[in-house]
$ cat my_file.cif   # mmCIF, C-alpha atoms
data_work
#
loop_
_atom_site.label_atom_id
_atom_site.label_comp_id
_atom_site.auth_asym_id
_atom_site.auth_seq_id
_atom_site.Cartn_x
_atom_site.Cartn_y
_atom_site.Cartn_z
CA MET A 1 0.00 0.00 0.00
CA ILE A 2 1.25 3.45 -0.87
CA ALA A 3 0.51 4.70 2.62
CA ASP A 4 3.25 2.44 3.98
CA TRP A 5 5.91 4.21 1.91
CA ALA A 6 8.40 6.52 3.58
CA PRO A 7 11.08 8.67 1.89
CA LEU A 8 14.63 7.38 1.79
CA ASN A 9 16.44 8.02 5.05
CA LYS A 10 19.80 9.76 4.98
CA ASP A 11 21.50 6.64 6.36
CA ASP A 12 19.88 4.55 3.62
CA SER A 13 22.16 5.99 0.95
CA ILE A 14 23.89 2.65 0.35
CA MET A 15 21.32 0.48 -1.40
CA ARG A 16 21.08 -3.31 -1.42
CA ILE A 17 22.22 -3.47 -5.05
CA ALA A 18 25.33 -1.38 -4.39
CA GLN A 19 26.15 -3.41 -1.28
CA THR A 20 25.82 -6.65 -3.22
CA PHE A 21 28.18 -5.55 -5.98
CA GLU A 22 30.65 -4.15 -3.43
CA LYS A 23 30.75 -7.54 -1.70
CA LEU A 24 31.11 -9.43 -4.98
CA ARG A 25 33.85 -7.08 -6.15
CA ALA A 26 35.82 -7.79 -2.97
CA GLU A 27 35.37 -11.52 -3.58
CA LYS A 28 36.33 -11.11 -7.27
CA ARG A 29 33.09 -12.71 -8.41
CA ALA A 30 30.33 -11.73 -10.81
CA ALA A 31 26.67 -11.56 -9.83
CA PHE A 32 24.22 -14.23 -10.90
CA ILE A 33 20.87 -12.58 -11.71
CA PRO A 34 18.01 -14.91 -12.61
CA PHE A 35 14.78 -13.60 -14.16
CA PHE A 36 11.35 -15.01 -13.37
CA ALA A 37 7.99 -14.10 -14.90
CA ALA A 38 5.71 -13.08 -12.04
CA GLY A 39 2.62 -15.24 -11.74
CA ASP A 40 3.86 -18.13 -13.88
CA PRO A 41 2.42 -20.52 -12.91
CA ASP A 42 1.15 -18.46 -9.93
CA LEU A 43 2.51 -15.89 -7.50
CA ASP A 44 2.98 -18.36 -4.64
CA THR A 45 5.22 -20.48 -6.87
CA THR A 46 7.04 -17.38 -8.10
CA ALA A 47 7.86 -16.55 -4.48
CA GLU A 48 9.17 -20.08 -3.88
CA LEU A 49 11.25 -19.92 -7.07
CA ILE A 50 12.83 -16.66 -5.90
CA LYS A 51 13.67 -18.05 -2.46
CA ALA A 52 15.07 -21.26 -3.96
CA ALA A 53 17.16 -19.32 -6.49
CA VAL A 54 18.67 -17.18 -3.72
CA ASP A 55 19.41 -20.31 -1.69
CA ALA A 56 21.06 -21.75 -4.81
CA GLY A 57 23.36 -18.74 -5.21
CA ALA A 58 21.42 -15.95 -6.92
CA ASP A 59 22.79 -12.56 -5.87
CA ILE A 60 20.00 -10.36 -7.30
CA VAL A 61 16.63 -11.46 -8.69
CA GLU A 62 14.84 -9.79 -11.59
CA ILE A 63 11.06 -10.13 -11.64
CA GLY A 64 9.27 -9.54 -14.92
CA VAL A 65 5.79 -8.04 -14.78
CA PRO A 66 3.43 -9.68 -17.29
CA PHE A 67 2.12 -7.37 -19.98
CA SER A 68 -0.03 -8.10 -23.02
CA ASP A 69 2.33 -6.31 -25.44
CA PRO A 70 5.91 -7.23 -24.44
CA ILE A 71 8.64 -4.87 -25.61
CA ALA A 72 11.71 -7.05 -26.17
CA ASP A 73 10.61 -10.43 -24.88
CA GLY A 74 10.97 -13.51 -27.03
CA PRO A 75 8.42 -16.32 -27.39
CA VAL A 76 9.35 -18.11 -24.15
CA ILE A 77 8.79 -15.10 -21.91
CA GLN A 78 5.81 -13.93 -23.98
CA ALA A 79 4.19 -17.32 -23.39
CA ALA A 80 4.88 -17.09 -19.65
CA PHE A 81 3.32 -13.63 -19.51
CA TYR A 82 0.30 -14.91 -21.42
CA ARG A 83 -0.15 -17.81 -18.98
CA ALA A 84 0.03 -15.44 -16.01
CA LEU A 85 -2.42 -12.96 -17.54
CA GLU A 86 -4.82 -15.76 -18.43
CA LYS A 87 -4.90 -16.65 -14.74
CA GLY A 88 -5.74 -13.08 -13.79
CA PHE A 89 -2.33 -11.60 -12.90
CA ARG A 90 -2.47 -8.11 -11.37
CA VAL A 91 0.30 -5.78 -10.20
CA ASP A 92 -0.97 -5.15 -6.65
CA PRO A 93 -0.83 -8.87 -5.67
CA LEU A 94 2.75 -8.90 -7.00
CA PHE A 95 3.65 -6.08 -4.61
CA GLU A 96 2.01 -8.05 -1.80
CA MET A 97 4.06 -11.13 -2.75
CA VAL A 98 7.28 -9.10 -2.53
CA ARG A 99 6.19 -7.63 0.80
CA LYS A 100 5.71 -11.17 2.16
CA LEU A 101 9.12 -12.23 0.84
CA ARG A 102 10.72 -9.36 2.73
CA ALA A 103 8.74 -10.20 5.86
CA SER A 104 9.99 -13.79 5.60
CA GLY A 105 13.58 -12.51 5.77
CA LEU A 106 14.63 -12.43 2.10
CA MET A 107 17.49 -9.93 1.85
CA ALA A 108 18.65 -10.30 -1.77
CA PRO A 109 18.06 -7.26 -4.00
CA LEU A 110 14.94 -7.46 -6.14
CA VAL A 111 14.61 -5.63 -9.46
CA CYS A 112 11.28 -5.12 -11.21
CA MET A 113 11.28 -5.19 -15.03
CA VAL A 114 8.06 -3.54 -16.15
CA SER A 115 6.56 -1.82 -19.17
CA TYR A 116 6.05 1.92 -18.86
CA THR A 117 2.40 1.39 -19.81
CA LEU A 118 1.80 -0.33 -16.46
CA VAL A 119 3.80 2.32 -14.60
CA TYR A 120 1.90 5.13 -16.32
CA LYS A 121 -1.42 3.46 -15.50
CA LYS A 122 -0.72 3.86 -11.78
CA THR A 123 1.16 7.14 -12.36
CA LEU A 124 4.93 7.19 -12.16
CA LEU A 125 5.32 8.34 -8.57
CA SER A 126 2.55 6.09 -7.24
CA PHE A 127 4.09 3.03 -8.91
CA MET A 128 7.54 3.83 -7.60
CA LYS A 129 6.29 4.44 -4.07
CA ALA A 130 4.36 1.17 -4.11
CA ALA A 131 7.33 -0.76 -5.52
CA LYS A 132 9.66 0.63 -2.85
CA ALA A 133 7.15 -0.01 -0.06
CA ALA A 134 6.77 -3.62 -1.21
CA GLY A 135 10.52 -4.21 -1.08
CA PHE A 136 11.84 -3.70 -4.59
CA ASP A 137 15.31 -2.16 -4.89
CA GLY A 138 15.36 -1.25 -8.56
CA LEU A 139 13.32 -0.78 -11.72
CA ILE A 140 14.06 -1.59 -15.35
CA ILE A 141 11.60 0.06 -17.74
CA PRO A 142 12.76 -1.07 -21.19
CA ASP A 143 10.34 1.15 -23.12
CA LEU A 144 11.42 4.28 -21.24
CA PRO A 145 14.84 5.03 -22.78
CA ALA A 146 17.31 7.44 -21.22
CA GLY A 147 16.78 10.94 -22.54
CA TYR A 148 13.03 10.43 -22.84
CA GLU A 149 12.32 9.49 -19.24
CA GLY A 150 11.06 12.88 -18.05
CA ASP A 151 11.46 13.10 -14.30
CA ALA A 152 11.58 9.31 -13.78
CA ALA A 153 15.25 9.31 -12.73
CA GLU A 154 14.69 12.06 -10.13
CA ARG A 155 11.54 10.37 -8.79
CA ALA A 156 13.37 7.05 -8.50
CA VAL A 157 16.11 8.69 -6.40
CA GLU A 158 13.44 10.34 -4.27
CA CYS A 159 11.80 6.97 -3.66
CA GLY A 160 15.06 5.14 -2.99
CA LEU A 161 14.97 2.99 -6.11
CA ASP A 162 17.77 2.32 -8.60
CA LEU A 163 16.54 3.04 -12.13
CA VAL A 164 18.54 0.79 -14.44
CA PHE A 165 18.92 1.69 -18.12
CA LEU A 166 19.82 -0.58 -21.02
CA ILE A 167 22.62 -0.34 -23.56
CA ALA A 168 22.52 -2.39 -26.78
CA PRO A 169 25.25 -3.26 -29.29
CA THR A 170 23.78 -0.60 -31.59
CA THR A 171 23.68 2.18 -28.96
CA THR A 172 25.74 5.13 -30.17
CA SER A 173 28.79 6.42 -28.31
CA GLU A 174 26.98 9.62 -27.34
CA ARG A 175 24.02 7.74 -25.90
CA ARG A 176 26.31 5.29 -24.08
CA ASP A 177 27.85 8.25 -22.25
CA MET A 178 24.42 9.60 -21.34
CA ILE A 179 23.12 6.23 -20.13
CA ALA A 180 26.30 5.66 -18.12
CA LYS A 181 25.64 8.93 -16.27
CA MET A 182 21.93 8.34 -15.72
CA SER A 183 21.74 4.67 -14.74
CA ARG A 184 21.89 3.67 -11.07
CA GLY A 185 22.61 0.30 -9.50
CA PHE A 186 24.11 -1.21 -12.64
CA ILE A 187 23.99 -0.98 -16.41
CA TYR A 188 22.09 -3.67 -18.29
CA TYR A 189 23.96 -4.57 -21.47
CA VAL A 190 21.70 -6.28 -24.00
CA SER A 191 24.19 -8.59 -25.67
CA ILE A 192 22.24 -9.11 -28.90
CA THR A 193 20.05 -7.08 -31.20
CA GLY A 194 16.52 -8.40 -31.16
CA ILE A 195 14.41 -10.16 -28.56
CA THR A 196 15.17 -12.31 -25.54
CA GLY A 197 15.80 -16.01 -25.94
CA ALA A 198 18.44 -18.67 -25.48
CA ARG A 199 21.33 -18.67 -27.95
CA THR A 200 23.91 -21.38 -28.57
CA VAL A 201 26.78 -18.96 -29.26
CA LEU A 202 27.70 -15.69 -27.55
CA PRO A 203 28.14 -12.62 -29.78
CA GLU A 204 31.66 -12.04 -31.08
CA ASP A 205 31.57 -8.36 -30.08
CA LEU A 206 30.47 -9.03 -26.48
CA ALA A 207 33.85 -8.51 -24.79
CA ALA A 208 34.60 -5.36 -26.80
CA ASN A 209 31.24 -3.81 -25.98
CA VAL A 210 31.45 -4.60 -22.27
CA SER A 211 34.97 -3.14 -22.20
CA ASP A 212 33.75 -0.01 -23.99
CA ILE A 213 30.96 0.53 -21.44
CA LYS A 214 33.29 -0.04 -18.51
CA LYS A 215 35.53 2.76 -19.77
CA ARG A 216 32.58 5.14 -19.43
CA THR A 217 31.36 4.29 -15.92
CA ALA A 218 32.27 2.90 -12.52
CA LEU A 219 28.87 1.18 -12.34
CA PRO A 220 28.74 -2.61 -12.64
CA VAL A 221 27.94 -3.84 -16.14
CA CYS A 222 25.61 -6.84 -16.30
CA VAL A 223 24.93 -8.83 -19.45
CA GLY A 224 21.59 -10.31 -20.42
CA PHE A 225 19.75 -11.75 -23.46
CA GLY A 226 20.88 -15.03 -24.97
CA ILE A 227 22.68 -16.63 -22.01
CA SER A 228 21.29 -20.10 -21.29
CA GLN A 229 24.12 -22.50 -20.46
CA PRO A 230 26.57 -22.70 -17.52
CA GLU A 231 29.50 -22.50 -19.94
CA GLN A 232 28.14 -19.24 -21.35
CA ALA A 233 27.58 -17.86 -17.86
CA ALA A 234 31.20 -18.65 -16.98
CA ALA A 235 32.46 -16.92 -20.13
CA VAL A 236 30.37 -13.79 -19.50
CA SER A 237 31.33 -13.64 -15.82
CA ALA A 238 34.99 -13.38 -16.86
CA ILE A 239 34.36 -10.03 -18.58
CA ALA A 240 31.23 -8.56 -16.93
CA ASP A 241 30.07 -7.82 -13.39
CA GLY A 242 26.83 -9.74 -13.66
CA VAL A 243 25.15 -12.48 -15.67
CA ILE A 244 21.39 -12.22 -16.30
CA VAL A 245 19.52 -15.38 -17.32
CA GLY A 246 15.82 -15.30 -18.13
CA SER A 247 14.44 -17.38 -20.99
CA ALA A 248 16.31 -20.56 -20.03
CA LEU A 249 14.82 -20.51 -16.52
CA VAL A 250 11.35 -19.50 -17.69
CA LYS A 251 11.53 -22.40 -20.17
CA LYS A 252 12.18 -24.74 -17.25
CA VAL A 253 8.97 -23.50 -15.60
CA GLU A 254 7.12 -24.24 -18.84
CA GLU A 255 8.69 -27.71 -19.03
CA ALA A 256 7.64 -28.44 -15.47
CA GLY A 257 4.08 -27.49 -16.29
CA ALA A 258 4.11 -29.75 -19.34
CA GLN A 259 5.30 -32.59 -17.08
CA LYS A 260 2.46 -31.85 -14.63
CA LEU A 261 4.94 -30.84 -11.94
CA ASP A 262 3.86 -28.26 -9.40
CA GLY A 263 4.83 -26.96 -5.98
CA ALA A 264 8.15 -28.22 -4.65
CA ALA A 265 8.68 -30.54 -7.65
CA LEU A 266 8.42 -27.61 -10.07
CA VAL A 267 10.76 -25.50 -7.97
CA ARG A 268 13.35 -28.31 -7.86
CA HIS A 269 13.13 -28.73 -11.64
CA VAL A 270 13.94 -25.05 -12.19
CA THR A 271 16.46 -24.68 -9.37
CA LEU A 272 18.77 -27.39 -10.74
CA LEU A 273 19.59 -25.11 -13.67
CA ALA A 274 19.72 -21.99 -11.48
CA ALA A 275 22.24 -23.63 -9.15
CA SER A 276 24.43 -24.72 -12.06
CA LEU A 277 24.34 -21.21 -13.56
CA ALA A 278 25.17 -19.65 -10.21
CA GLN A 279 28.13 -21.95 -9.70
CA SER A 280 29.49 -21.17 -13.16
CA THR A 281 28.99 -17.42 -12.69
CA HIS A 282 30.74 -17.38 -9.33
CA GLY A 283 34.09 -18.65 -10.55
CA LYS A 284 36.96 -16.44 -9.38
CA ARG A 285 37.98 -13.77 -11.88
#
$ encode --input "my_file.cif" --output "structure tokens"
Amino acid sequence: MIADWAPLNKDDSIMRIAQTFEKLRAEKRAAFIPFFAAGDPDLDTTAELIKAAVDAGADIVEIGVPFSDPIADGPVIQAAFYRALEKGFRVDPLFEMVRKLRASGLMAPLVCMVSYTLVYKKTLLSFMKAAKAAGFDGLIIPDLPAGYEGDAAERAVECGLDLVFLIAPTTTSERRDMIAKMSRGFIYYVSITGITGARTVLPEDLAANVSDIKKRTALPVCVGFGISQPEQAAAVSAIADGVIVGSALVKKVEEAGAQKLDGAALVRHVTLLAASLAQSTHGKR
């Protein structure tokens, strides 16, 4: 509830995301960041998947908010969003789920990936206040690019949220500089042009692009889109500060449903891959 929100305290200047990357930097490890589609197959299971992923080594968890017109999501995540919406997914119960996770003692940073349409529907400030009150630490709004965000960056700071912006292989040098200055928490590098989805081979220009971004900012650079295998996670963790895996894990949820698995059996089915990805990501650099 919005009424539960309070402005960021002065002593709250170090956020969970920053603390996590500071710890990982000291340990010379990259962050493993799994993505789950909220409400697929239901919010209770989403909560259990998040807790199990953290227990398996996830450092930060990204939660995707289902939307009928996904921006950059491939068929696997689109299908997950569709399943959740068909079952009546709503944003307010998602906030309540996150609130319960925090009440249960979950300390890992949580990042909400959400379309600006859903943010706008609640109004920008109301959505941000509600997200912060629930227990989110950051927002990724892929259809709100830097330079066109209005006062979103200022409102996020006011609410105590990290607003994370994306950089793609095709992003110009000038825009990379601007995004590097505006993003908070970390920079999300989209490793491929196009939509999300597992790929068998990492892009040849990945290392060069990550290096280029790192020259422009002290923020951690995390790589997403296309990473599906432990070997790929290990390769990305050697050059980036974080490895984001979405479609491969969401696919595991779909597989579990097709096998009529639910509850703890579904969570185990998905967590086996999450644990393997976490282990590969956490190799010393």
$ residues_around --input "my_file.cif" --residues "Phe81 of chain A" --least-positions-apart "2" --cutoff "9 Å" --atoms "only C-alpha atoms" --output "short mmCIF file (atom, residue, chain, number, x, y, z; two decimals) with C-alpha atoms, in the frame of the given file"
data_model
loop_
_atom_site.label_atom_id
_atom_site.label_comp_id
_atom_site.auth_asym_id
_atom_site.auth_seq_id
_atom_site.Cartn_x
_atom_site.Cartn_y
_atom_site.Cartn_z
CA ALA A 37 7.99 -14.10 -14.90
CA ALA A 38 5.71 -13.08 -12.04
CA GLY A 39 2.62 -15.24 -11.74
CA ASP A 40 3.86 -18.13 -13.88
CA GLY A 64 9.27 -9.54 -14.92
CA VAL A 65 5.79 -8.04 -14.78
CA PRO A 66 3.43 -9.68 -17.29
CA PHE A 67 2.12 -7.37 -19.98
CA SER A 68 -0.03 -8.10 -23.02
CA PRO A 70 5.91 -7.23 -24.44
CA VAL A 76 9.35 -18.11 -24.15
CA ILE A 77 8.79 -15.10 -21.91
CA GLN A 78 5.81 -13.93 -23.98
CA ALA A 79 4.19 -17.32 -23.39
CA ARG A 83 -0.15 -17.81 -18.98
CA ALA A 84 0.03 -15.44 -16.01
CA LEU A 85 -2.42 -12.96 -17.54
CA GLU A 86 -4.82 -15.76 -18.43
CA PHE A 89 -2.33 -11.60 -12.90
#
$ atom_distance --input "my_file.cif" --atom1 "atom CA of Leu94 of chain A" --atom2 "atom CA of Phe21 of chain A"
25.7 Å
$ resolve_selection --input "my_file.cif" --expression "the PyMOL selection byres ((chain A and resi 181) around 10)" --output "JSON, numbers by chain"
{"A": [146, 175, 176, 177, 178, 179, 180, 182, 183, 184, 216, 217, 218, 219]}
$ resolve_selection --input "my_file.cif" --expression "the PyMOL selection byres ((chain A and resi 137) around 10)" --output "mmCIF file with C-alpha atoms, keeping the file's coordinate frame"
data_model
loop_
_atom_site.group_PDB
_atom_site.id
_atom_site.type_symbol
_atom_site.label_atom_id
_atom_site.label_comp_id
_atom_site.auth_asym_id
_atom_site.auth_seq_id
_atom_site.Cartn_x
_atom_site.Cartn_y
_atom_site.Cartn_z
ATOM 1 C CA MET A 15 21.320 0.480 -1.400
ATOM 2 C CA ARG A 16 21.080 -3.310 -1.420
ATOM 3 C CA ILE A 17 22.220 -3.470 -5.050
ATOM 4 C CA ILE A 60 20.000 -10.360 -7.300
ATOM 5 C CA ALA A 108 18.650 -10.300 -1.770
ATOM 6 C CA PRO A 109 18.060 -7.260 -4.000
ATOM 7 C CA LEU A 110 14.940 -7.460 -6.140
ATOM 8 C CA VAL A 111 14.610 -5.630 -9.460
ATOM 9 C CA CYS A 112 11.280 -5.120 -11.210
ATOM 10 C CA ALA A 131 7.330 -0.760 -5.520
ATOM 11 C CA LYS A 132 9.660 0.630 -2.850
ATOM 12 C CA ALA A 133 7.150 -0.010 -0.060
ATOM 13 C CA ALA A 134 6.770 -3.620 -1.210
ATOM 14 C CA GLY A 135 10.520 -4.210 -1.080
ATOM 15 C CA PHE A 136 11.840 -3.700 -4.590
ATOM 16 C CA GLY A 138 15.360 -1.250 -8.560
ATOM 17 C CA LEU A 139 13.320 -0.780 -11.720
ATOM 18 C CA CYS A 159 11.800 6.970 -3.660
ATOM 19 C CA GLY A 160 15.060 5.140 -2.990
ATOM 20 C CA LEU A 161 14.970 2.990 -6.110
ATOM 21 C CA ASP A 162 17.770 2.320 -8.600
ATOM 22 C CA LEU A 163 16.540 3.040 -12.130
ATOM 23 C CA GLY A 185 22.610 0.300 -9.500
#
$ resolve_selection --input "my_file.cif" --expression "the PyMOL selection byres ((chain A and resi 24-31) around 12)" --output "number ranges by chain"
A: 17-23, 32-34, 54, 57-61, 108-109, 186, 218-224, 233-245, 277-285
$ atom_distance --input "my_file.cif" --atom1 "atom CA of Phe225 of chain A" --atom2 "atom CA of Gly246 of chain A"
7.5 Å
$ closest_residue --input "my_file.cif" --among "A:Glu96, A:Thr172, A:Ala80, A:Phe36" --to "Val270 of chain A" --atoms "only C-alpha atoms"
A:Phe36
$ closest_residue --input "my_file.cif" --among "A:Met107, A:Leu202, A:Ala156, A:Ala53" --to "Phe127 of chain A" --atoms "all atoms listed in the file"
A:Ala156
$ residues_near_point --input "my_file.cif" --point "(15.7, -25.8, -8.6)" --cutoff "12 Å" --atoms "only C-alpha atoms" --output "NGL selection string"
:A and (34 or 45 or 48-58 or 249-250 or 252-253 or 256 or 263-278)
$ atom_distance --input "my_file.cif" --atom1 "atom CA of Lys87 of chain A" --atom2 "atom CA of Lys260 of chain A"
16.9 Å
